[in-house]
$ cat target-v8.tsv   # TSV, C-alpha atoms and all ligand atoms
chain	number	residue	atom	x	y	z
P	132	MET	CA	34.95	67.24	180.70
P	133	THR	CA	34.79	70.05	178.23
P	134	ALA	CA	32.23	69.86	175.45
P	135	PRO	CA	33.34	70.53	171.88
P	136	ALA	CA	33.19	74.23	171.17
P	137	PRO	CA	32.76	75.18	167.55
P	138	GLN	CA	29.16	74.31	166.85
P	139	HIS	CA	27.95	75.74	170.17
P	140	HIS	CA	29.87	78.94	169.74
P	141	SER	CA	28.70	79.33	166.18
P	142	LEU	CA	25.10	78.86	167.23
P	143	CYS	CA	25.45	81.27	170.12
P	144	THR	CA	27.06	83.87	167.91
P	145	THR	CA	24.23	83.50	165.44
P	146	VAL	CA	21.62	83.85	168.16
P	147	TRP	CA	23.46	86.83	169.55
P	148	ARG	CA	23.31	88.56	166.20
P	149	LEU	CA	19.63	87.86	165.65
P	150	ILE	CA	17.98	88.45	168.99
P	151	ALA	CA	16.10	91.67	169.58
P	152	ALA	CA	17.47	94.65	171.44
P	153	PRO	CA	15.90	94.01	174.87
P	154	ALA	CA	17.41	90.55	175.01
P	155	LEU	CA	20.68	91.89	173.68
P	156	ALA	CA	20.88	94.17	176.70
P	157	LEU	CA	21.31	91.10	178.89
P	158	GLY	CA	24.26	89.73	177.02
P	159	MET	CA	24.44	86.85	174.59
P	160	GLY	CA	20.94	85.60	175.28
P	161	THR	CA	19.91	83.36	178.12
P	162	SER	CA	20.19	79.67	178.72
P	163	PRO	CA	16.93	77.83	177.97
P	164	ALA	CA	17.93	75.17	180.49
P	165	LEU	CA	18.20	77.56	183.38
P	166	ALA	CA	15.20	79.83	183.67
P	167	GLY	CA	16.85	82.89	182.32
P	168	MET	CA	20.48	82.77	183.44
P	169	ASP	CA	22.55	84.86	181.04
P	170	ALA	CA	24.70	82.65	178.86
P	171	THR	CA	27.59	85.11	179.11
P	172	GLU	CA	29.03	87.81	181.33
P	173	VAL	CA	27.38	91.19	180.66
P	174	ARG	CA	29.09	93.01	177.79
P	175	ILE	CA	30.40	96.56	177.66
P	176	GLY	CA	28.01	97.20	174.75
P	177	ALA	CA	24.99	96.16	176.81
P	178	PHE	CA	26.11	98.22	179.80
P	179	ARG	CA	26.49	101.23	177.47
P	180	ASP	CA	22.79	100.98	176.61
P	181	PHE	CA	22.03	101.09	180.34
P	182	VAL	CA	24.27	104.10	180.92
P	183	GLN	CA	22.73	105.96	178.00
P	184	ALA	CA	19.23	105.21	179.25
P	185	THR	CA	19.83	106.12	182.89
P	186	GLY	CA	22.67	108.66	182.89
P	187	LEU	CA	24.59	106.57	185.43
P	188	VAL	CA	28.04	107.82	186.37
P	189	THR	CA	29.74	104.90	188.09
P	190	ALA	CA	31.63	105.11	191.37
P	191	ALA	CA	34.86	104.29	189.54
P	192	GLU	CA	34.25	107.19	187.16
P	193	ARG	CA	33.53	109.57	190.05
P	194	ALA	CA	36.74	108.40	191.74
P	195	GLY	CA	38.77	108.97	188.58
P	196	GLY	CA	39.29	105.29	187.87
P	197	GLY	CA	38.87	101.76	189.14
P	198	GLN	CA	41.49	99.58	190.73
P	199	THR	CA	43.84	96.74	189.97
P	200	TYR	CA	46.07	94.73	192.28
P	201	GLU	CA	49.81	95.27	191.87
P	202	GLY	CA	51.37	94.34	195.20
P	203	GLY	CA	48.41	96.12	196.82
P	204	TRP	CA	45.32	97.84	195.49
P	205	GLN	CA	46.25	100.54	193.00
P	206	GLN	CA	43.90	103.05	191.46
P	207	ARG	CA	44.32	103.49	187.71
P	208	PRO	CA	43.19	106.79	186.19
P	209	GLY	CA	40.70	106.26	183.40
P	210	TRP	CA	40.20	102.55	184.04
P	211	VAL	CA	36.39	102.45	183.97
P	212	TRP	CA	33.53	100.35	182.62
P	213	HIS	CA	34.07	101.36	178.97
P	214	ALA	CA	37.87	101.37	179.21
P	215	PRO	CA	38.84	98.40	181.37
P	216	TYR	CA	42.60	99.00	181.07
P	217	GLY	CA	42.42	102.73	180.37
P	218	ARG	CA	41.81	102.37	176.66
P	219	PRO	CA	38.45	101.85	174.95
P	220	GLY	CA	37.16	98.31	175.30
P	221	GLY	CA	35.18	96.50	172.64
P	222	ASP	CA	31.43	96.06	172.98
P	223	ASP	CA	31.91	92.29	173.29
P	224	GLU	CA	34.24	92.51	176.29
P	225	PRO	CA	32.93	91.82	179.79
P	226	VAL	CA	32.02	94.99	181.67
P	227	THR	CA	34.17	95.53	184.78
P	228	HIS	CA	34.91	98.33	187.28
P	229	VAL	CA	31.31	98.20	188.50
P	230	THR	CA	30.18	97.93	192.12
P	231	HIS	CA	27.69	95.38	193.36
P	232	ALA	CA	24.95	98.04	193.43
P	233	GLU	CA	25.71	99.13	189.87
P	234	ALA	CA	25.61	95.53	188.66
P	235	SER	CA	22.33	95.00	190.47
P	236	ALA	CA	20.85	98.19	188.97
P	237	TYR	CA	21.82	97.08	185.49
P	238	CYS	CA	20.10	93.72	185.94
P	239	ARG	CA	16.90	95.33	187.20
P	240	TRP	CA	16.93	97.78	184.29
P	241	ALA	CA	17.35	94.84	181.92
P	242	GLY	CA	14.35	93.02	183.38
P	243	GLY	CA	16.11	90.67	185.77
P	244	ARG	CA	18.30	90.74	188.84
P	245	LEU	CA	21.64	89.46	190.05
P	246	PRO	CA	21.54	85.73	190.77
P	247	THR	CA	21.77	84.53	194.33
P	248	GLU	CA	24.87	82.54	195.15
P	249	ASP	CA	22.82	79.32	195.15
P	250	GLU	CA	21.30	80.08	191.76
P	251	TRP	CA	24.70	80.89	190.35
P	252	ARG	CA	26.26	77.73	191.79
P	253	ARG	CA	23.50	75.41	190.54
P	254	ALA	CA	23.89	76.90	187.07
P	255	ALA	CA	27.67	76.74	187.13
P	256	TYR	CA	28.22	73.24	188.49
P	257	THR	CA	25.13	71.02	188.14
P	258	GLU	CA	24.12	69.93	184.65
P	259	GLN	CA	20.38	70.46	184.14
P	260	ARG	CA	19.79	70.18	180.42
P	261	ASP	CA	17.36	67.46	179.37
P	262	PRO	CA	18.91	65.85	177.55
P	263	PRO	CA	22.38	67.35	177.79
P	264	PRO	CA	24.65	67.24	174.74
P	265	PRO	CA	27.03	64.29	174.43
P	266	GLY	CA	29.72	64.34	177.07
P	267	TRP	CA	27.56	65.88	179.79
P	268	ILE	CA	25.54	63.98	182.43
P	269	ARG	CA	22.21	65.38	183.60
P	270	GLY	CA	22.14	65.82	187.38
P	271	ARG	CA	25.89	65.57	187.78
P	272	THR	CA	27.63	68.24	189.85
P	273	TYR	CA	31.00	68.97	188.29
P	274	PRO	CA	34.05	70.32	190.11
P	275	TYR	CA	34.50	73.17	187.65
P	276	PRO	CA	32.11	75.19	185.48
P	277	SER	CA	34.07	73.80	182.55
P	278	GLY	CA	33.37	70.23	183.71
P	279	GLU	CA	35.74	67.70	185.25
P	280	THR	CA	38.77	69.91	184.64
P	281	PRO	CA	39.43	73.64	184.31
P	282	THR	CA	40.68	73.15	180.77
P	283	GLY	CA	39.54	75.77	178.31
P	284	ALA	CA	38.56	78.52	180.75
P	285	ASN	CA	40.44	81.80	180.76
P	286	CYS	CA	42.45	81.42	183.96
P	287	LEU	CA	46.07	81.80	184.92
P	288	GLY	CA	48.25	78.84	184.07
P	289	ASP	CA	45.94	75.94	185.00
P	290	CYS	CA	43.48	76.07	182.12
P	291	GLY	CA	45.66	75.15	179.16
P	292	GLU	CA	45.22	76.92	175.88
P	293	THR	CA	42.53	79.55	176.36
P	294	ALA	CA	40.78	82.22	174.35
P	295	PRO	CA	43.04	85.12	173.38
P	296	ALA	CA	42.97	88.01	175.81
P	297	VAL	CA	42.22	91.47	174.44
P	298	ALA	CA	45.26	93.19	172.96
P	299	HIS	CA	44.89	96.32	175.07
P	300	ALA	CA	45.10	94.49	178.41
P	301	ARG	CA	47.72	95.97	180.70
P	302	THR	CA	48.67	93.78	183.62
P	303	SER	CA	51.79	92.46	185.30
P	304	ARG	CA	50.00	89.19	186.11
P	305	GLY	CA	47.93	87.05	183.78
P	306	ARG	CA	46.86	88.03	180.31
P	307	GLY	CA	43.67	89.92	180.98
P	308	HIS	CA	40.11	89.14	179.96
P	309	ALA	CA	38.89	87.77	176.65
P	310	PRO	CA	35.71	88.95	174.93
P	311	VAL	CA	32.70	87.09	176.37
P	312	GLY	CA	31.74	83.71	174.96
P	313	ARG	CA	35.06	82.88	173.30
P	314	THR	CA	35.87	79.91	175.54
P	315	PRO	CA	34.15	76.53	175.11
P	316	PRO	CA	30.67	76.35	176.69
P	317	GLY	CA	30.64	74.62	180.06
P	318	VAL	CA	28.03	73.11	182.35
P	319	ASN	CA	24.52	73.98	181.10
P	320	GLY	CA	26.04	75.48	177.98
P	321	LEU	CA	27.09	78.63	179.85
P	322	PHE	CA	30.20	80.57	178.92
P	323	ASP	CA	32.94	81.77	181.27
P	324	MET	CA	31.20	80.85	184.55
P	325	GLY	CA	34.72	79.78	185.47
P	326	GLY	CA	37.43	82.34	184.86
P	327	ASN	CA	37.54	85.39	182.60
P	328	VAL	CA	36.04	87.83	185.16
P	329	TRP	CA	34.71	87.19	188.66
P	330	GLU	CA	30.94	87.56	188.89
P	331	TRP	CA	28.94	89.39	191.53
P	332	ALA	CA	26.04	87.49	193.11
P	333	ASP	CA	23.47	88.88	195.54
P	334	ALA	CA	23.43	87.94	199.21
P	335	GLY	CA	20.81	90.52	200.19
P	336	PRO	CA	21.56	93.62	202.23
P	337	GLY	CA	25.13	93.73	203.44
P	338	SER	CA	28.49	95.34	202.88
P	339	GLU	CA	30.14	92.08	201.73
P	340	GLN	CA	28.84	90.33	198.62
P	341	PRO	CA	29.78	87.06	196.91
P	342	THR	CA	32.06	86.92	193.90
P	343	LEU	CA	32.06	83.63	192.01
P	344	GLY	CA	34.01	81.66	189.46
P	345	GLY	CA	37.49	83.14	189.67
P	346	SER	CA	39.09	85.18	186.93
P	347	TRP	CA	42.01	85.53	184.56
P	348	TRP	CA	44.02	86.81	187.51
P	349	TYR	CA	43.99	83.40	189.25
P	350	GLY	CA	44.61	79.75	188.53
P	351	ALA	CA	41.89	77.13	188.75
P	352	GLY	CA	41.50	77.23	192.55
P	353	PRO	CA	38.80	79.93	192.71
P	354	MET	CA	36.90	78.21	189.88
P	355	HIS	CA	36.36	75.07	191.97
P	356	ARG	CA	32.91	74.48	193.44
P	357	THR	CA	34.30	74.36	196.99
P	358	HIS	CA	35.77	77.84	196.75
P	359	ARG	CA	33.94	80.74	198.37
P	360	ALA	CA	34.81	84.41	198.23
P	361	THR	CA	33.27	87.76	199.04
P	362	LYS	CA	34.32	91.33	198.35
P	363	PRO	CA	33.29	94.67	199.82
P	364	ALA	CA	30.20	95.65	197.84
P	365	ASP	CA	31.73	98.97	196.78
P	366	THR	CA	34.67	97.24	195.10
P	367	ALA	CA	35.15	98.34	191.47
P	368	VAL	CA	38.11	96.59	189.93
P	369	VAL	CA	39.50	95.32	186.66
P	370	TYR	CA	38.63	91.64	187.11
P	371	ILE	CA	35.09	91.65	188.55
P	372	GLY	CA	32.03	91.67	186.29
P	373	PHE	CA	28.65	89.94	186.51
P	374	ARG	CA	25.75	88.31	184.70
P	375	CYS	CA	22.00	88.51	185.36
P	376	ILE	CA	19.15	86.06	185.78
P	377	ARG	CA	15.54	86.52	184.76
P	378	PRO	CA	13.77	83.75	186.68
P	401	CA	CA	33.32	84.57	184.75
$ encode --input "target-v8.tsv" --output "structure tokens"
Amino acid sequence: MTAPAPQHHSLCTTVWRLIAAPALALGMGTSPALAGMDATEVRIGAFRDFVQATGLVTAAERAGGGQTYEGGWQQRPGWVWHAPYGRPGGDDEPVTHVTHAEASAYCRWAGGRLPTEDEWRRAAYTEQRDPPPPGWIRGRTYPYPSGETPTGANCLGDCGETAPAVAHARTSRGRGHAPVGRTPPGVNGLFDMGGNVWEWADAGPGSEQPTLGGSWWYGAGPMHRTHRATKPADTAVVYIGFRCIRP
């Protein structure tokens, strides 16, 4: 089940505009139901604050660009965290083309850390609000972050009418990402846990790290709670982003 969107989105947008700068760095605020899980994927604008504070040059920048998948992995010159498809991205778009280590460093800088896979999954699939808004059942584990169905997420084909992708997206498959928080809120009131961009989680030391929730590149399959995926930790590509938790 997908909860009605407008009042939640309006409230979130209002909160996003009013919260102070340190909280802004983490995205569109955090979910009060979930001990500090970001309500949205981390935004380009927030990552810019991190880059300006730390002088980070990302691996994708050093390599000349991140990657996309077009019948095999293809490097794209100039496709980096602030220009996801080679052209400047808006501050409200999800940051992409960042490695697991870069995502983790951002979260630590912002006063949190990457969620573990278990933390991410509990937030994405099991409703914990007390009481939850109408239409949601406390304690229920849903098949999708959007509820009983994938409807409303930004995925490929299976999600129905979704938030408009950014106009500068360049892809031969799917429509590209939407700015964060434009789809209806899902389980626990979180945005885009299913679809939009994959999200890094932290499995501890290791060269393979979890990515969760699927993306605009895929249908609903990778959004389902039974789906598991990992990527090489140095992957920096157009459809992987992240969010942080401050437990
Ligand atoms: Ca996502």
$ atom_distance --input "target-v8.tsv" --atom1 "atom CA of P:Gln183" --atom2 "atom CA of P:Ala300"
25.1 Å
$ residues_near_ligand --input "target-v8.tsv" --ligand "ligand CA 401 (chain P)" --cutoff "6 Å" --atoms "only C-alpha atoms and all ligand atoms" --output "ChimeraX atom specification"
/P:323-330,344
$ atom_distance --input "target-v8.tsv" --atom1 "atom CA of P:Thr280" --atom2 "atom CA of P:Ile268"
14.7 Å
$ closest_atom_pairs --input "target-v8.tsv" --of "stretch 200-228 of chain P" --to "stretch 369-375 of chain P" --cutoff "8 Å" --atoms "all atoms listed in the file" --output "JSON lines"
{"residue": "P:Trp210", "atom": "CA", "partner": "P:Val369", "partner_atom": "CA", "distance": 7.7}
{"residue": "P:Pro215", "atom": "CA", "partner": "P:Val369", "partner_atom": "CA", "distance": 6.2}
{"residue": "P:Tyr216", "atom": "CA", "partner": "P:Val369", "partner_atom": "CA", "distance": 7.4}
{"residue": "P:Pro225", "atom": "CA", "partner": "P:Gly372", "partner_atom": "CA", "distance": 6.6}
{"residue": "P:Val226", "atom": "CA", "partner": "P:Gly372", "partner_atom": "CA", "distance": 5.7}
{"residue": "P:Thr227", "atom": "CA", "partner": "P:Gly372", "partner_atom": "CA", "distance": 4.7}
{"residue": "P:His228", "atom": "CA", "partner": "P:Val369", "partner_atom": "CA", "distance": 5.5}
$ atom_distance --input "target-v8.tsv" --atom1 "atom CA of P:Ile175" --atom2 "atom CA of P:Pro295"
17.6 Å
$ closest_atom_pairs --input "target-v8.tsv" --of "stretch 281-360 of chain P" --to "stretch 242-251 of chain P" --cutoff "10 Å" --atoms "all atoms listed in the file" --output "JSON lines"
{"residue": "P:Met324", "atom": "CA", "partner": "P:Trp251", "partner_atom": "CA", "distance": 8.7}
{"residue": "P:Glu330", "atom": "CA", "partner": "P:Trp251", "partner_atom": "CA", "distance": 9.2}
{"residue": "P:Trp331", "atom": "CA", "partner": "P:Leu245", "partner_atom": "CA", "distance": 7.4}
{"residue": "P:Ala332", "atom": "CA", "partner": "P:Thr247", "partner_atom": "CA", "distance": 5.3}
{"residue": "P:Asp333", "atom": "CA", "partner": "P:Thr247", "partner_atom": "CA", "distance": 4.8}
{"residue": "P:Ala334", "atom": "CA", "partner": "P:Thr247", "partner_atom": "CA", "distance": 6.2}
{"residue": "P:Gly335", "atom": "CA", "partner": "P:Thr247", "partner_atom": "CA", "distance": 8.4}
{"residue": "P:Gln340", "atom": "CA", "partner": "P:Glu248", "partner_atom": "CA", "distance": 9.4}
{"residue": "P:Pro341", "atom": "CA", "partner": "P:Glu248", "partner_atom": "CA", "distance": 6.9}
{"residue": "P:Thr342", "atom": "CA", "partner": "P:Glu248", "partner_atom": "CA", "distance": 8.5}
{"residue": "P:Leu343", "atom": "CA", "partner": "P:Glu248", "partner_atom": "CA", "distance": 7.9}
{"residue": "P:Gly344", "atom": "CA", "partner": "P:Trp251", "partner_atom": "CA", "distance": 9.4}
{"residue": "P:Arg359", "atom": "CA", "partner": "P:Glu248", "partner_atom": "CA", "distance": 9.8}
